[in-house]
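Remarks on the structure that follows.
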Amino acid sequence: MTQNPSSKFDIPLWLVWVAAFGFVLAALGSYGILDNNEGLYAEIPREMLSGHDWRLWVIPHLNGLPYMEKPPLLYWLTALSFSLFGVAEWSARLVPALSSLCCVGLLLRFGTAAGKPQAGRLAGIMFAAGMGVAQMSRTLMFDMLLTACLTAALFHAYRYSKEHKPALLRLSYGALALGLMAKGLAAIVLFCLVGGVYLLPGLLKGGIRETCRMWLRADAIGVFLLIAVPWHLAASLVEPIFPWFYFINEHVLRFLGKREPHDYYSGAWWYYLPRMLLYLFPWSLLLIGLLQRARPLFEEEHDLRRFLFLAWLMPLLFFTISSAKANYYLVVVMPFAALHLALALERREYLAAKWRVVPGVVLGLLTAVAAWYLASHGAHLAAEPLILDRTPLQFAIAALAVFSAVSLLAAAISAWGRAGVLAYLLPAAACAAAVLVAINAVEPLVSNRPLAQALQSRFPGRPVYLYRKFEELSSLPFYLAKPLPIVDSRSNDLYWGNKLQANDLMIDGAQFARNAAAGPVVIIVMEKQLQDFRKEPYFVNLKEQGSVGSNTIFTN
């Protein structure tokens, strides 16, 4: 891959890393582990470390029960983080944060290798500072780790197709195996979709034998198998139902919308389109500038742009066709979309001043209108919880007004010089700061850290029970550092674990009544479950002890 003539646009490398570290790591542990997904994925590695049983590292356990829905790489790495740095919010989120920074490094390295170092640097900034990507980088979930692995696999595969160095293919297949260990067969499916369509022109020209010889090297396949096989084999030996459950129920039936239990969302065909824009917001608004005429492509750019186009389009189509949809699936395409956009901006000399100004002006005017609308029509919004001593309505109006001013300022700054597009770091930072302030203010509604603190101070040593729901209270076992019994469970995530293992954690109302009669207990009930809870026969023997967030504490 050769170096094309460069423009005068010059992003210093230090700026890329300052922006990336700031957006990804700043105040990483300032708010509690979030309920639902984060609570689940933080509790599993905590149980791995505290269980002193090697089988928990093969078949992960959640709230004391087998949990085979996902492969274990994220849990292993998070457990390593806990063992090195202690169990804390920031150490729980360290793996996705470092995965995001790895993506930035991959963009820089690939951009340099492709002869597009400035485009790689701009893509690194846009990726790390994109609104959706920044939030996923700070949330303990599988998808950012998968993104790093798949990005490495595809970037090294593309370089191998040009440079023909076997070491690049080994690196690609090794990264792909780690992607398999990060989030299952989706890594292989996405890799093969992108790679298969990219190689299709050569295959149609009759190069099947040569293509197979090139891509099915024994050494590269050996690296893949060495990483991927041991855990899958061990899991099958420890839990006989694992092969069916993991490969069929969790992958095939999920894609077809027939997985049991059905605990995922199915959206319209356009579900991901607005989310593509939000993940790279506000940088995605620079798409407006593509109306500017571009300089001609160099010959090698055609193939590079085709690869990047396929690298984000094919996963997008796959997720669109799938019956199971989720916002966070889409983060996997963002490194490729960011670099594709950066290359398009480079072809336009990073936009003429009039085109650089338009996104900031549009954004500033739209958010000003939104602030005015809320001020005129938002009186019905809830007055709690307070955010910076303001009601949510007041905070939203103030945040939109500040964001409007910052966007207009960015538009003005962007008119100066070729580096003007970097002015959009200002609204990106304003957006990140507003989200951080808001999530800290509403912590009792999104995390059970405050509830755990209240229970430990007011009812130390008492057994704690959950009523029906687990997922929406999932951070509570993490903070209390023990699995919690659930009364009359409605949990989807514990559904199979309860089927596979006899336990005393999933109990009915009669068993809870007997336990309560034997000694002091605490039971936590979500606000939306209170009406049903008050109809339970044992309710008359309980006393309400106040609420934390949307949860009510009852004791006998």
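Scheme for the structure tokens: letters A, B, ... for chains in order shown; per-chain residue numbers from 1; ligand numbers from 1 in order shown.
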Considering only helix (DSSP H, G or I) as DSSP defines it on the backbone, what residues of range 57-266 of chain A qualify? List them as a short mmCIF file (atom, residue, chain, number, x, y, z; two decimals) with N, CA and C atoms, in the first residue's frame.
data_model
loop_
_atom_site.label_atom_id
_atom_site.label_comp_id
_atom_site.auth_asym_id
_atom_site.auth_seq_id
_atom_site.Cartn_x
_atom_site.Cartn_y
_atom_site.Cartn_z
N TRP A 57 -15.05 -20.84 35.99
CA TRP A 57 -14.30 -20.18 34.92
C TRP A 57 -14.58 -20.83 33.57
N LEU A 73 -14.63 -14.56 27.54
CA LEU A 73 -13.45 -13.70 27.49
C LEU A 73 -13.66 -12.40 28.26
N LEU A 74 -14.82 -11.76 28.12
CA LEU A 74 -15.08 -10.53 28.86
C LEU A 74 -15.03 -10.77 30.36
N TYR A 75 -15.60 -11.88 30.81
CA TYR A 75 -15.59 -12.20 32.25
C TYR A 75 -14.17 -12.45 32.74
N TRP A 76 -13.40 -13.18 31.96
CA TRP A 76 -12.02 -13.47 32.37
C TRP A 76 -11.22 -12.18 32.50
N LEU A 77 -11.33 -11.32 31.51
CA LEU A 77 -10.55 -10.08 31.54
C LEU A 77 -11.02 -9.15 32.67
N THR A 78 -12.33 -9.13 32.92
CA THR A 78 -12.84 -8.30 34.01
C THR A 78 -12.41 -8.87 35.36
N ALA A 79 -12.41 -10.20 35.49
CA ALA A 79 -11.91 -10.82 36.72
C ALA A 79 -10.44 -10.49 36.92
N LEU A 80 -9.67 -10.47 35.84
CA LEU A 80 -8.26 -10.08 35.94
C LEU A 80 -8.15 -8.63 36.41
N SER A 81 -8.98 -7.76 35.87
CA SER A 81 -8.99 -6.36 36.30
C SER A 81 -9.31 -6.25 37.79
N PHE A 82 -10.32 -7.02 38.24
CA PHE A 82 -10.68 -7.01 39.66
C PHE A 82 -9.52 -7.50 40.53
N SER A 83 -8.85 -8.54 40.07
CA SER A 83 -7.77 -9.10 40.89
C SER A 83 -6.57 -8.16 40.95
N LEU A 84 -6.35 -7.37 39.89
CA LEU A 84 -5.22 -6.44 39.87
C LEU A 84 -5.52 -5.13 40.60
N PHE A 85 -6.74 -4.63 40.43
CA PHE A 85 -7.06 -3.27 40.89
C PHE A 85 -8.16 -3.22 41.95
N GLU A 89 -16.08 0.26 40.36
CA GLU A 89 -16.79 0.62 39.14
C GLU A 89 -15.83 0.82 37.98
N TRP A 90 -14.74 1.55 38.22
CA TRP A 90 -13.82 1.83 37.12
C TRP A 90 -13.09 0.58 36.64
N SER A 91 -12.77 -0.30 37.57
CA SER A 91 -12.09 -1.53 37.15
C SER A 91 -13.04 -2.47 36.43
N ALA A 92 -14.34 -2.39 36.75
CA ALA A 92 -15.33 -3.18 36.02
C ALA A 92 -15.44 -2.71 34.57
N LEU A 94 -13.04 -1.22 32.85
CA LEU A 94 -11.72 -1.05 32.24
C LEU A 94 -11.59 -1.80 30.93
N VAL A 95 -12.18 -3.00 30.83
CA VAL A 95 -12.03 -3.80 29.61
C VAL A 95 -12.68 -3.11 28.40
N PRO A 96 -13.95 -2.68 28.47
CA PRO A 96 -14.48 -1.97 27.30
C PRO A 96 -13.74 -0.67 27.02
N ALA A 97 -13.28 0.03 28.06
CA ALA A 97 -12.53 1.27 27.85
C ALA A 97 -11.23 1.00 27.09
N LEU A 98 -10.48 -0.01 27.52
CA LEU A 98 -9.23 -0.35 26.83
C LEU A 98 -9.51 -0.89 25.44
N SER A 99 -10.63 -1.59 25.26
CA SER A 99 -11.00 -2.08 23.93
C SER A 99 -11.23 -0.92 22.98
N SER A 100 -11.89 0.13 23.47
CA SER A 100 -12.12 1.32 22.65
C SER A 100 -10.80 1.98 22.28
N LEU A 101 -9.89 2.09 23.25
CA LEU A 101 -8.59 2.68 22.96
C LEU A 101 -7.80 1.81 21.98
N CYS A 102 -7.98 0.51 22.05
CA CYS A 102 -7.35 -0.39 21.07
C CYS A 102 -7.86 -0.09 19.66
N CYS A 103 -9.17 0.19 19.54
CA CYS A 103 -9.73 0.53 18.24
C CYS A 103 -9.09 1.81 17.70
N VAL A 104 -8.88 2.78 18.57
CA VAL A 104 -8.21 4.01 18.15
C VAL A 104 -6.80 3.69 17.63
N GLY A 105 -6.06 2.87 18.38
CA GLY A 105 -4.73 2.47 17.95
C GLY A 105 -4.75 1.73 16.62
N LEU A 106 -5.74 0.87 16.42
CA LEU A 106 -5.86 0.13 15.16
C LEU A 106 -6.15 1.07 14.00
N LEU A 107 -6.99 2.08 14.23
CA LEU A 107 -7.27 3.06 13.18
C LEU A 107 -6.01 3.83 12.80
N LEU A 108 -5.24 4.21 13.81
CA LEU A 108 -3.99 4.94 13.54
C LEU A 108 -3.02 4.07 12.75
N ARG A 109 -2.85 2.84 13.19
CA ARG A 109 -1.88 1.95 12.53
C ARG A 109 -2.33 1.60 11.11
N PHE A 110 -3.62 1.32 10.96
CA PHE A 110 -4.11 0.95 9.64
C PHE A 110 -4.07 2.16 8.70
N GLY A 111 -4.41 3.34 9.21
CA GLY A 111 -4.34 4.53 8.38
C GLY A 111 -2.94 4.77 7.87
N THR A 112 -1.95 4.59 8.72
CA THR A 112 -0.56 4.76 8.30
C THR A 112 -0.16 3.71 7.27
N ALA A 113 -0.54 2.46 7.52
CA ALA A 113 -0.20 1.37 6.60
C ALA A 113 -0.86 1.57 5.24
N PRO A 117 -2.41 8.51 6.85
CA PRO A 117 -2.23 8.72 8.29
C PRO A 117 -3.14 9.79 8.87
N GLN A 118 -3.39 10.87 8.13
CA GLN A 118 -4.25 11.92 8.66
C GLN A 118 -5.71 11.47 8.73
N ALA A 119 -6.15 10.72 7.75
CA ALA A 119 -7.51 10.17 7.80
C ALA A 119 -7.64 9.21 8.98
N GLY A 120 -6.60 8.43 9.23
CA GLY A 120 -6.64 7.52 10.38
C GLY A 120 -6.72 8.28 11.69
N ARG A 121 -6.01 9.40 11.78
CA ARG A 121 -6.05 10.19 13.02
C ARG A 121 -7.42 10.85 13.21
N LEU A 122 -7.97 11.39 12.13
CA LEU A 122 -9.31 11.98 12.23
C LEU A 122 -10.33 10.91 12.59
N ALA A 123 -10.23 9.74 11.99
CA ALA A 123 -11.15 8.64 12.31
C ALA A 123 -11.03 8.24 13.77
N GLY A 124 -9.80 8.21 14.30
CA GLY A 124 -9.61 7.86 15.71
C GLY A 124 -10.32 8.84 16.63
N ILE A 125 -10.23 10.13 16.30
CA ILE A 125 -10.91 11.15 17.12
C ILE A 125 -12.41 11.01 16.99
N MET A 126 -12.90 10.86 15.76
CA MET A 126 -14.35 10.77 15.56
C MET A 126 -14.92 9.53 16.24
N PHE A 127 -14.18 8.43 16.19
CA PHE A 127 -14.64 7.21 16.83
C PHE A 127 -14.73 7.39 18.34
N ALA A 128 -13.64 7.82 18.97
CA ALA A 128 -13.62 7.91 20.43
C ALA A 128 -14.59 8.96 20.96
N ALA A 129 -14.78 10.06 20.20
CA ALA A 129 -15.61 11.17 20.66
C ALA A 129 -17.04 11.09 20.16
N MET A 131 -20.84 10.18 20.20
CA MET A 131 -21.68 10.09 21.38
C MET A 131 -21.99 8.64 21.77
N GLY A 132 -22.45 7.85 20.83
CA GLY A 132 -22.80 6.46 21.15
C GLY A 132 -21.59 5.62 21.47
N VAL A 133 -20.51 5.81 20.70
CA VAL A 133 -19.29 5.03 20.94
C VAL A 133 -18.71 5.36 22.31
N ALA A 134 -18.69 6.65 22.67
CA ALA A 134 -18.14 7.04 23.97
C ALA A 134 -18.89 6.38 25.12
N GLN A 135 -20.21 6.30 25.00
CA GLN A 135 -20.99 5.66 26.07
C GLN A 135 -20.75 4.15 26.11
N MET A 136 -20.65 3.51 24.95
CA MET A 136 -20.37 2.07 24.93
C MET A 136 -18.97 1.77 25.45
N SER A 137 -18.04 2.72 25.27
CA SER A 137 -16.68 2.54 25.78
C SER A 137 -16.64 2.56 27.30
N ASP A 143 -19.81 -5.77 23.57
CA ASP A 143 -19.74 -5.30 22.19
C ASP A 143 -18.48 -4.50 21.86
N MET A 144 -17.95 -3.73 22.82
CA MET A 144 -16.73 -2.99 22.52
C MET A 144 -15.54 -3.94 22.41
N LEU A 145 -15.52 -4.98 23.22
CA LEU A 145 -14.46 -5.98 23.10
C LEU A 145 -14.56 -6.69 21.76
N LEU A 146 -15.78 -7.06 21.34
CA LEU A 146 -15.97 -7.65 20.02
C LEU A 146 -15.52 -6.69 18.92
N THR A 147 -15.84 -5.41 19.09
CA THR A 147 -15.46 -4.41 18.09
C THR A 147 -13.95 -4.36 17.90
N ALA A 148 -13.21 -4.36 19.00
CA ALA A 148 -11.75 -4.34 18.91
C ALA A 148 -11.23 -5.59 18.19
N CYS A 149 -11.78 -6.74 18.53
CA CYS A 149 -11.32 -8.00 17.93
C CYS A 149 -11.64 -8.06 16.44
N LEU A 150 -12.88 -7.69 16.07
CA LEU A 150 -13.27 -7.76 14.67
C LEU A 150 -12.53 -6.70 13.84
N THR A 151 -12.32 -5.53 14.42
CA THR A 151 -11.57 -4.49 13.71
C THR A 151 -10.15 -4.97 13.43
N ALA A 152 -9.51 -5.57 14.42
CA ALA A 152 -8.16 -6.10 14.22
C ALA A 152 -8.16 -7.20 13.16
N ALA A 153 -9.15 -8.09 13.24
CA ALA A 153 -9.22 -9.20 12.30
C ALA A 153 -9.37 -8.70 10.86
N LEU A 154 -10.27 -7.77 10.63
CA LEU A 154 -10.53 -7.30 9.26
C LEU A 154 -9.41 -6.39 8.75
N PHE A 155 -8.88 -5.52 9.59
CA PHE A 155 -7.78 -4.66 9.15
C PHE A 155 -6.56 -5.50 8.76
N HIS A 156 -6.23 -6.50 9.56
CA HIS A 156 -5.07 -7.33 9.24
C HIS A 156 -5.35 -8.21 8.01
N ALA A 157 -6.60 -8.63 7.85
CA ALA A 157 -6.94 -9.42 6.66
C ALA A 157 -6.81 -8.58 5.40
N TYR A 158 -7.24 -7.33 5.47
CA TYR A 158 -7.11 -6.45 4.30
C TYR A 158 -5.63 -6.22 3.97
N ARG A 159 -4.84 -5.96 4.99
CA ARG A 159 -3.42 -5.76 4.75
C ARG A 159 -2.77 -7.02 4.17
N TYR A 160 -3.21 -8.18 4.64
CA TYR A 160 -2.68 -9.43 4.11
C TYR A 160 -3.02 -9.57 2.62
N SER A 161 -4.22 -9.13 2.24
CA SER A 161 -4.62 -9.23 0.84
C SER A 161 -3.74 -8.36 -0.06
N LYS A 162 -3.09 -7.35 0.51
CA LYS A 162 -2.24 -6.46 -0.27
C LYS A 162 -0.76 -6.80 -0.13
N GLU A 163 -0.36 -7.17 1.08
CA GLU A 163 1.07 -7.36 1.35
C GLU A 163 1.50 -8.82 1.32
N PRO A 166 2.40 -13.75 5.68
CA PRO A 166 1.68 -14.73 6.48
C PRO A 166 1.43 -14.29 7.92
N ALA A 167 2.34 -13.49 8.48
CA ALA A 167 2.16 -13.04 9.86
C ALA A 167 0.89 -12.21 10.00
N LEU A 168 0.52 -11.46 8.96
CA LEU A 168 -0.70 -10.66 9.01
C LEU A 168 -1.94 -11.55 9.06
N LEU A 169 -1.91 -12.65 8.33
CA LEU A 169 -3.05 -13.57 8.36
C LEU A 169 -3.15 -14.26 9.71
N ARG A 170 -2.01 -14.61 10.29
CA ARG A 170 -2.04 -15.22 11.63
C ARG A 170 -2.62 -14.23 12.65
N LEU A 171 -2.22 -12.97 12.55
CA LEU A 171 -2.77 -11.96 13.45
C LEU A 171 -4.27 -11.81 13.22
N SER A 172 -4.69 -11.84 11.97
CA SER A 172 -6.11 -11.70 11.65
C SER A 172 -6.92 -12.85 12.24
N TYR A 173 -6.47 -14.08 12.04
CA TYR A 173 -7.22 -15.23 12.55
C TYR A 173 -7.14 -15.33 14.07
N GLY A 174 -6.02 -14.88 14.65
CA GLY A 174 -5.95 -14.84 16.11
C GLY A 174 -6.94 -13.87 16.69
N ALA A 175 -7.05 -12.66 16.07
CA ALA A 175 -8.03 -11.68 16.52
C ALA A 175 -9.44 -12.19 16.32
N LEU A 176 -9.67 -12.91 15.23
CA LEU A 176 -11.00 -13.47 14.98
C LEU A 176 -11.37 -14.50 16.04
N ALA A 177 -10.40 -15.33 16.44
CA ALA A 177 -10.66 -16.30 17.50
C ALA A 177 -11.00 -15.60 18.82
N LEU A 178 -10.30 -14.50 19.11
CA LEU A 178 -10.63 -13.73 20.31
C LEU A 178 -12.02 -13.13 20.20
N GLY A 179 -12.41 -12.71 18.98
CA GLY A 179 -13.77 -12.23 18.77
C GLY A 179 -14.80 -13.30 19.03
N LEU A 180 -14.48 -14.53 18.62
CA LEU A 180 -15.36 -15.66 18.92
C LEU A 180 -15.48 -15.87 20.42
N MET A 181 -14.38 -15.72 21.13
CA MET A 181 -14.40 -15.87 22.58
C MET A 181 -15.03 -14.66 23.28
N ALA A 182 -15.16 -13.55 22.54
CA ALA A 182 -15.76 -12.36 23.12
C ALA A 182 -17.28 -12.37 23.01
N LYS A 183 -17.80 -12.77 21.83
CA LYS A 183 -19.26 -12.75 21.69
C LYS A 183 -19.80 -13.82 20.77
N ALA A 186 -21.12 -14.69 16.12
CA ALA A 186 -21.33 -13.45 15.37
C ALA A 186 -20.02 -12.93 14.78
N ALA A 187 -18.92 -13.12 15.50
CA ALA A 187 -17.62 -12.65 15.00
C ALA A 187 -17.27 -13.33 13.68
N ILE A 188 -17.45 -14.64 13.62
CA ILE A 188 -17.11 -15.39 12.40
C ILE A 188 -18.06 -15.03 11.27
N VAL A 189 -19.35 -14.92 11.59
CA VAL A 189 -20.34 -14.59 10.56
C VAL A 189 -20.03 -13.23 9.94
N LEU A 190 -19.77 -12.23 10.78
CA LEU A 190 -19.50 -10.89 10.26
C LEU A 190 -18.19 -10.85 9.46
N PHE A 191 -17.16 -11.52 9.95
CA PHE A 191 -15.88 -11.58 9.25
C PHE A 191 -16.06 -12.22 7.87
N CYS A 192 -16.77 -13.32 7.82
CA CYS A 192 -16.97 -14.04 6.55
C CYS A 192 -17.86 -13.27 5.60
N LEU A 193 -18.86 -12.56 6.13
CA LEU A 193 -19.71 -11.75 5.27
C LEU A 193 -18.90 -10.66 4.58
N VAL A 194 -18.13 -9.93 5.38
CA VAL A 194 -17.32 -8.84 4.81
C VAL A 194 -16.26 -9.40 3.87
N GLY A 195 -15.51 -10.39 4.36
CA GLY A 195 -14.44 -10.96 3.54
C GLY A 195 -14.95 -11.65 2.29
N GLY A 196 -16.06 -12.38 2.42
CA GLY A 196 -16.60 -13.10 1.27
C GLY A 196 -17.05 -12.16 0.16
N VAL A 197 -17.76 -11.11 0.51
CA VAL A 197 -18.22 -10.17 -0.51
C VAL A 197 -17.04 -9.39 -1.09
N TYR A 198 -16.07 -9.06 -0.25
CA TYR A 198 -14.89 -8.34 -0.75
C TYR A 198 -14.12 -9.19 -1.76
N LEU A 199 -14.01 -10.49 -1.50
CA LEU A 199 -13.25 -11.38 -2.39
C LEU A 199 -14.07 -11.88 -3.58
N LEU A 200 -15.36 -11.59 -3.58
CA LEU A 200 -16.25 -12.15 -4.60
C LEU A 200 -15.82 -11.85 -6.03
N PRO A 201 -15.40 -10.62 -6.37
CA PRO A 201 -14.98 -10.39 -7.77
C PRO A 201 -13.89 -11.34 -8.23
N GLY A 202 -12.91 -11.58 -7.36
CA GLY A 202 -11.84 -12.51 -7.73
C GLY A 202 -12.34 -13.92 -7.88
N LEU A 203 -13.27 -14.32 -7.01
CA LEU A 203 -13.82 -15.67 -7.10
C LEU A 203 -14.61 -15.86 -8.39
N LEU A 204 -15.35 -14.83 -8.80
CA LEU A 204 -16.16 -14.91 -10.02
C LEU A 204 -15.28 -15.01 -11.26
N ILE A 208 -10.86 -19.45 -7.51
CA ILE A 208 -11.28 -20.14 -6.29
C ILE A 208 -10.12 -20.90 -5.66
N ARG A 209 -9.39 -21.67 -6.46
CA ARG A 209 -8.29 -22.47 -5.92
C ARG A 209 -7.21 -21.58 -5.32
N GLU A 210 -6.84 -20.53 -6.06
CA GLU A 210 -5.81 -19.63 -5.57
C GLU A 210 -6.26 -18.91 -4.30
N THR A 211 -7.54 -18.51 -4.25
CA THR A 211 -8.07 -17.82 -3.08
C THR A 211 -8.06 -18.73 -1.86
N CYS A 212 -8.47 -19.99 -2.05
CA CYS A 212 -8.47 -20.94 -0.93
C CYS A 212 -7.05 -21.20 -0.44
N ARG A 213 -6.12 -21.33 -1.36
CA ARG A 213 -4.73 -21.56 -0.97
C ARG A 213 -4.19 -20.36 -0.17
N MET A 214 -4.60 -19.19 -0.56
CA MET A 214 -4.10 -17.98 0.09
C MET A 214 -4.69 -17.80 1.49
N TRP A 215 -5.98 -18.08 1.65
CA TRP A 215 -6.66 -17.76 2.90
C TRP A 215 -6.81 -18.94 3.85
N ALA A 218 -2.46 -23.35 6.84
CA ALA A 218 -2.53 -24.21 8.03
C ALA A 218 -2.06 -23.48 9.28
N ASP A 219 -1.03 -22.64 9.16
CA ASP A 219 -0.51 -21.97 10.34
C ASP A 219 -1.52 -20.98 10.91
N ALA A 220 -2.23 -20.24 10.04
CA ALA A 220 -3.23 -19.29 10.51
C ALA A 220 -4.43 -20.00 11.12
N ILE A 221 -4.86 -21.08 10.47
CA ILE A 221 -5.98 -21.86 11.03
C ILE A 221 -5.58 -22.47 12.36
N GLY A 222 -4.33 -22.90 12.47
CA GLY A 222 -3.85 -23.45 13.73
C GLY A 222 -3.91 -22.43 14.86
N VAL A 223 -3.54 -21.18 14.57
CA VAL A 223 -3.63 -20.13 15.59
C VAL A 223 -5.08 -19.95 16.04
N PHE A 224 -5.99 -19.93 15.07
CA PHE A 224 -7.41 -19.78 15.39
C PHE A 224 -7.89 -20.92 16.30
N LEU A 225 -7.58 -22.14 15.91
CA LEU A 225 -8.06 -23.29 16.68
C LEU A 225 -7.42 -23.35 18.07
N LEU A 226 -6.16 -22.98 18.16
CA LEU A 226 -5.47 -23.01 19.45
C LEU A 226 -6.16 -22.08 20.46
N ILE A 227 -6.68 -20.96 19.98
CA ILE A 227 -7.34 -20.01 20.87
C ILE A 227 -8.81 -20.40 21.10
N ALA A 228 -9.47 -20.87 20.06
CA ALA A 228 -10.93 -21.03 20.11
C ALA A 228 -11.40 -22.35 20.68
N VAL A 229 -10.66 -23.43 20.45
CA VAL A 229 -11.18 -24.76 20.77
C VAL A 229 -11.20 -25.10 22.26
N PRO A 230 -10.14 -24.81 23.03
CA PRO A 230 -10.08 -25.33 24.40
C PRO A 230 -11.30 -25.00 25.26
N TRP A 231 -11.77 -23.75 25.26
CA TRP A 231 -12.92 -23.44 26.12
C TRP A 231 -14.18 -24.13 25.64
N HIS A 232 -14.43 -24.14 24.33
CA HIS A 232 -15.64 -24.79 23.83
C HIS A 232 -15.65 -26.27 24.18
N LEU A 233 -14.50 -26.91 24.10
CA LEU A 233 -14.40 -28.33 24.45
C LEU A 233 -14.61 -28.53 25.95
N ALA A 234 -13.96 -27.70 26.76
CA ALA A 234 -14.10 -27.82 28.21
C ALA A 234 -15.55 -27.57 28.64
N ALA A 235 -16.20 -26.57 28.06
CA ALA A 235 -17.59 -26.27 28.43
C ALA A 235 -18.51 -27.43 28.07
N SER A 236 -18.25 -28.09 26.95
CA SER A 236 -19.07 -29.23 26.54
C SER A 236 -18.89 -30.41 27.48
N LEU A 237 -17.69 -30.56 28.03
CA LEU A 237 -17.44 -31.65 28.97
C LEU A 237 -18.03 -31.36 30.34
N VAL A 238 -17.96 -30.12 30.77
CA VAL A 238 -18.49 -29.76 32.10
C VAL A 238 -20.01 -29.73 32.10
N PHE A 242 -24.46 -27.88 26.90
CA PHE A 242 -23.84 -26.67 26.37
C PHE A 242 -23.87 -26.60 24.85
N PRO A 243 -23.48 -27.61 24.08
CA PRO A 243 -23.45 -27.46 22.62
C PRO A 243 -24.80 -27.04 22.04
N TRP A 244 -25.89 -27.70 22.46
CA TRP A 244 -27.20 -27.30 21.94
C TRP A 244 -27.56 -25.90 22.40
N PHE A 245 -27.40 -25.66 23.69
CA PHE A 245 -27.82 -24.38 24.23
C PHE A 245 -27.06 -23.23 23.59
N TYR A 246 -25.75 -23.36 23.48
CA TYR A 246 -24.91 -22.26 23.04
C TYR A 246 -24.98 -22.04 21.54
N PHE A 247 -24.85 -23.11 20.78
CA PHE A 247 -24.79 -22.95 19.33
C PHE A 247 -26.17 -22.82 18.69
N ILE A 248 -27.13 -23.59 19.17
CA ILE A 248 -28.46 -23.58 18.55
C ILE A 248 -29.37 -22.52 19.17
N ASN A 249 -29.58 -22.61 20.49
CA ASN A 249 -30.53 -21.70 21.13
C ASN A 249 -30.03 -20.26 21.09
N GLU A 250 -28.74 -20.06 21.42
CA GLU A 250 -28.23 -18.71 21.56
C GLU A 250 -27.83 -18.05 20.25
N HIS A 251 -27.57 -18.83 19.22
CA HIS A 251 -27.12 -18.23 17.97
C HIS A 251 -28.15 -18.40 16.85
N VAL A 252 -28.46 -19.65 16.50
CA VAL A 252 -29.37 -19.88 15.38
C VAL A 252 -30.78 -19.41 15.71
N LEU A 253 -31.31 -19.87 16.85
CA LEU A 253 -32.69 -19.53 17.18
C LEU A 253 -32.83 -18.04 17.53
N ARG A 254 -31.80 -17.43 18.09
CA ARG A 254 -31.86 -15.98 18.35
C ARG A 254 -31.98 -15.22 17.04
N PHE A 255 -31.16 -15.58 16.05
CA PHE A 255 -31.22 -14.91 14.76
C PHE A 255 -32.60 -15.06 14.12
N LEU A 256 -33.20 -16.23 14.30
CA LEU A 256 -34.52 -16.49 13.70
C LEU A 256 -35.67 -15.96 14.54
#
Skip Ala396 in chain A itself and residues of its chain fewer than 6 positions away, then list as a ChimeraX atom specification all residues within 10 Å of it, counting only C-alpha atoms.
/A:370-371,374-375,378,387,390,402,434,438
Name the closest residue to Leu476 in chain A among the candidates A:Leu494, A:Val437, A:Ala452, A:Ala415; distances are taken between atoms, counting only C-alpha atoms.
A:Ala452
Residue nearest Arg46 in chain A among A:Ser475, A:Ser284, A:Ser414, A:Ser30 (counting only C-alpha atoms):
A:Ser475
Range 474-554 of chain A residues near range 65-69 of chain A within 10 Å, closest pair each, using only C-alpha atoms, as a Markdown table:
| residue | atom | partner | partner_atom | distance |
| --- | --- | --- | --- | --- |
| A:Pro483 | CA | A:Leu65 | CA | 8.9 |
| A:Asp493 | CA | A:Tyr67 | CA | 7.6 |
| A:Leu494 | CA | A:Leu65 | CA | 7.0 |
| A:Tyr495 | CA | A:Tyr67 | CA | 9.2 |
| A:Trp496 | CA | A:Tyr67 | CA | 7.5 |
| A:Gly497 | CA | A:Pro66 | CA | 4.6 |
| A:Asn498 | CA | A:Leu65 | CA | 6.6 |
| A:Lys499 | CA | A:Pro66 | CA | 9.4 |
| A:Leu500 | CA | A:Pro66 | CA | 7.5 |
| A:Gln501 | CA | A:Leu65 | CA | 7.0 |
| A:Ala502 | CA | A:Leu65 | CA | 9.1 |
| A:Asn503 | CA | A:Leu65 | CA | 8.0 |
| A:Leu505 | CA | A:Leu65 | CA | 8.6 |
| A:Met506 | CA | A:Leu65 | CA | 9.8 |
Can I get the selection written as a PDB file, in the first residue's frame, with C-alpha atoms?
ATOM      1  CA  PRO A 483     -26.141 -14.119  45.174  1.00  0.00           C
ATOM      2  CA  ASP A 493     -31.410 -14.447  32.383  1.00  0.00           C
ATOM      3  CA  LEU A 494     -31.746 -16.983  35.196  1.00  0.00           C
ATOM      4  CA  TYR A 495     -34.334 -19.083  33.349  1.00  0.00           C
ATOM      5  CA  TRP A 496     -31.953 -21.769  32.087  1.00  0.00           C
ATOM      6  CA  GLY A 497     -29.698 -21.741  35.139  1.00  0.00           C
ATOM      7  CA  ASN A 498     -32.714 -22.537  37.297  1.00  0.00           C
ATOM      8  CA  LYS A 499     -33.663 -25.394  34.969  1.00  0.00           C
ATOM      9  CA  LEU A 500     -30.194 -26.900  34.927  1.00  0.00           C
ATOM     10  CA  GLN A 501     -29.295 -26.745  38.602  1.00  0.00           C
ATOM     11  CA  ALA A 502     -31.260 -27.528  41.732  1.00  0.00           C
ATOM     12  CA  ASN A 503     -30.991 -24.525  44.021  1.00  0.00           C
ATOM     13  CA  LEU A 505     -32.204 -19.224  45.186  1.00  0.00           C
ATOM     14  CA  MET A 506     -35.403 -19.344  43.122  1.00  0.00           C
TER      15      MET A 506
END
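Between CA of Ala42 in chain A and CA of Arg449 in chain A lies a distance of 12.9 Å.
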Compile the contact shell of Trp355 in chain A as a ChimeraX atom specification: residues with an atom at most 10 Å away, counting only C-alpha atoms, same-chain residues fewer than 6 positions apart removed.
/A:286-292,411,414-415,421
Near Glu43 in chain A, counting only C-alpha atoms, which residues have an atom at most 7 Å away, once you skip same-chain residues fewer than 5 positions from it, shown as a PyMOL selection string?
chain A and resi 62+477-478
If you keep C-alpha atoms, can you produce a file of those selected residues as an mmCIF file, in the first residue's frame?
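So the final result, stored in selection-v4.cif, reads:
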data_model
loop_
_atom_site.group_PDB
_atom_site.id
_atom_site.type_symbol
_atom_site.label_atom_id
_atom_site.label_comp_id
_atom_site.auth_asym_id
_atom_site.auth_seq_id
_atom_site.Cartn_x
_atom_site.Cartn_y
_atom_site.Cartn_z
ATOM 1 C CA LEU A 62 -24.783 -15.515 37.514
ATOM 2 C CA PRO A 477 -25.872 -8.779 44.201
ATOM 3 C CA PHE A 478 -22.647 -7.182 42.932
#
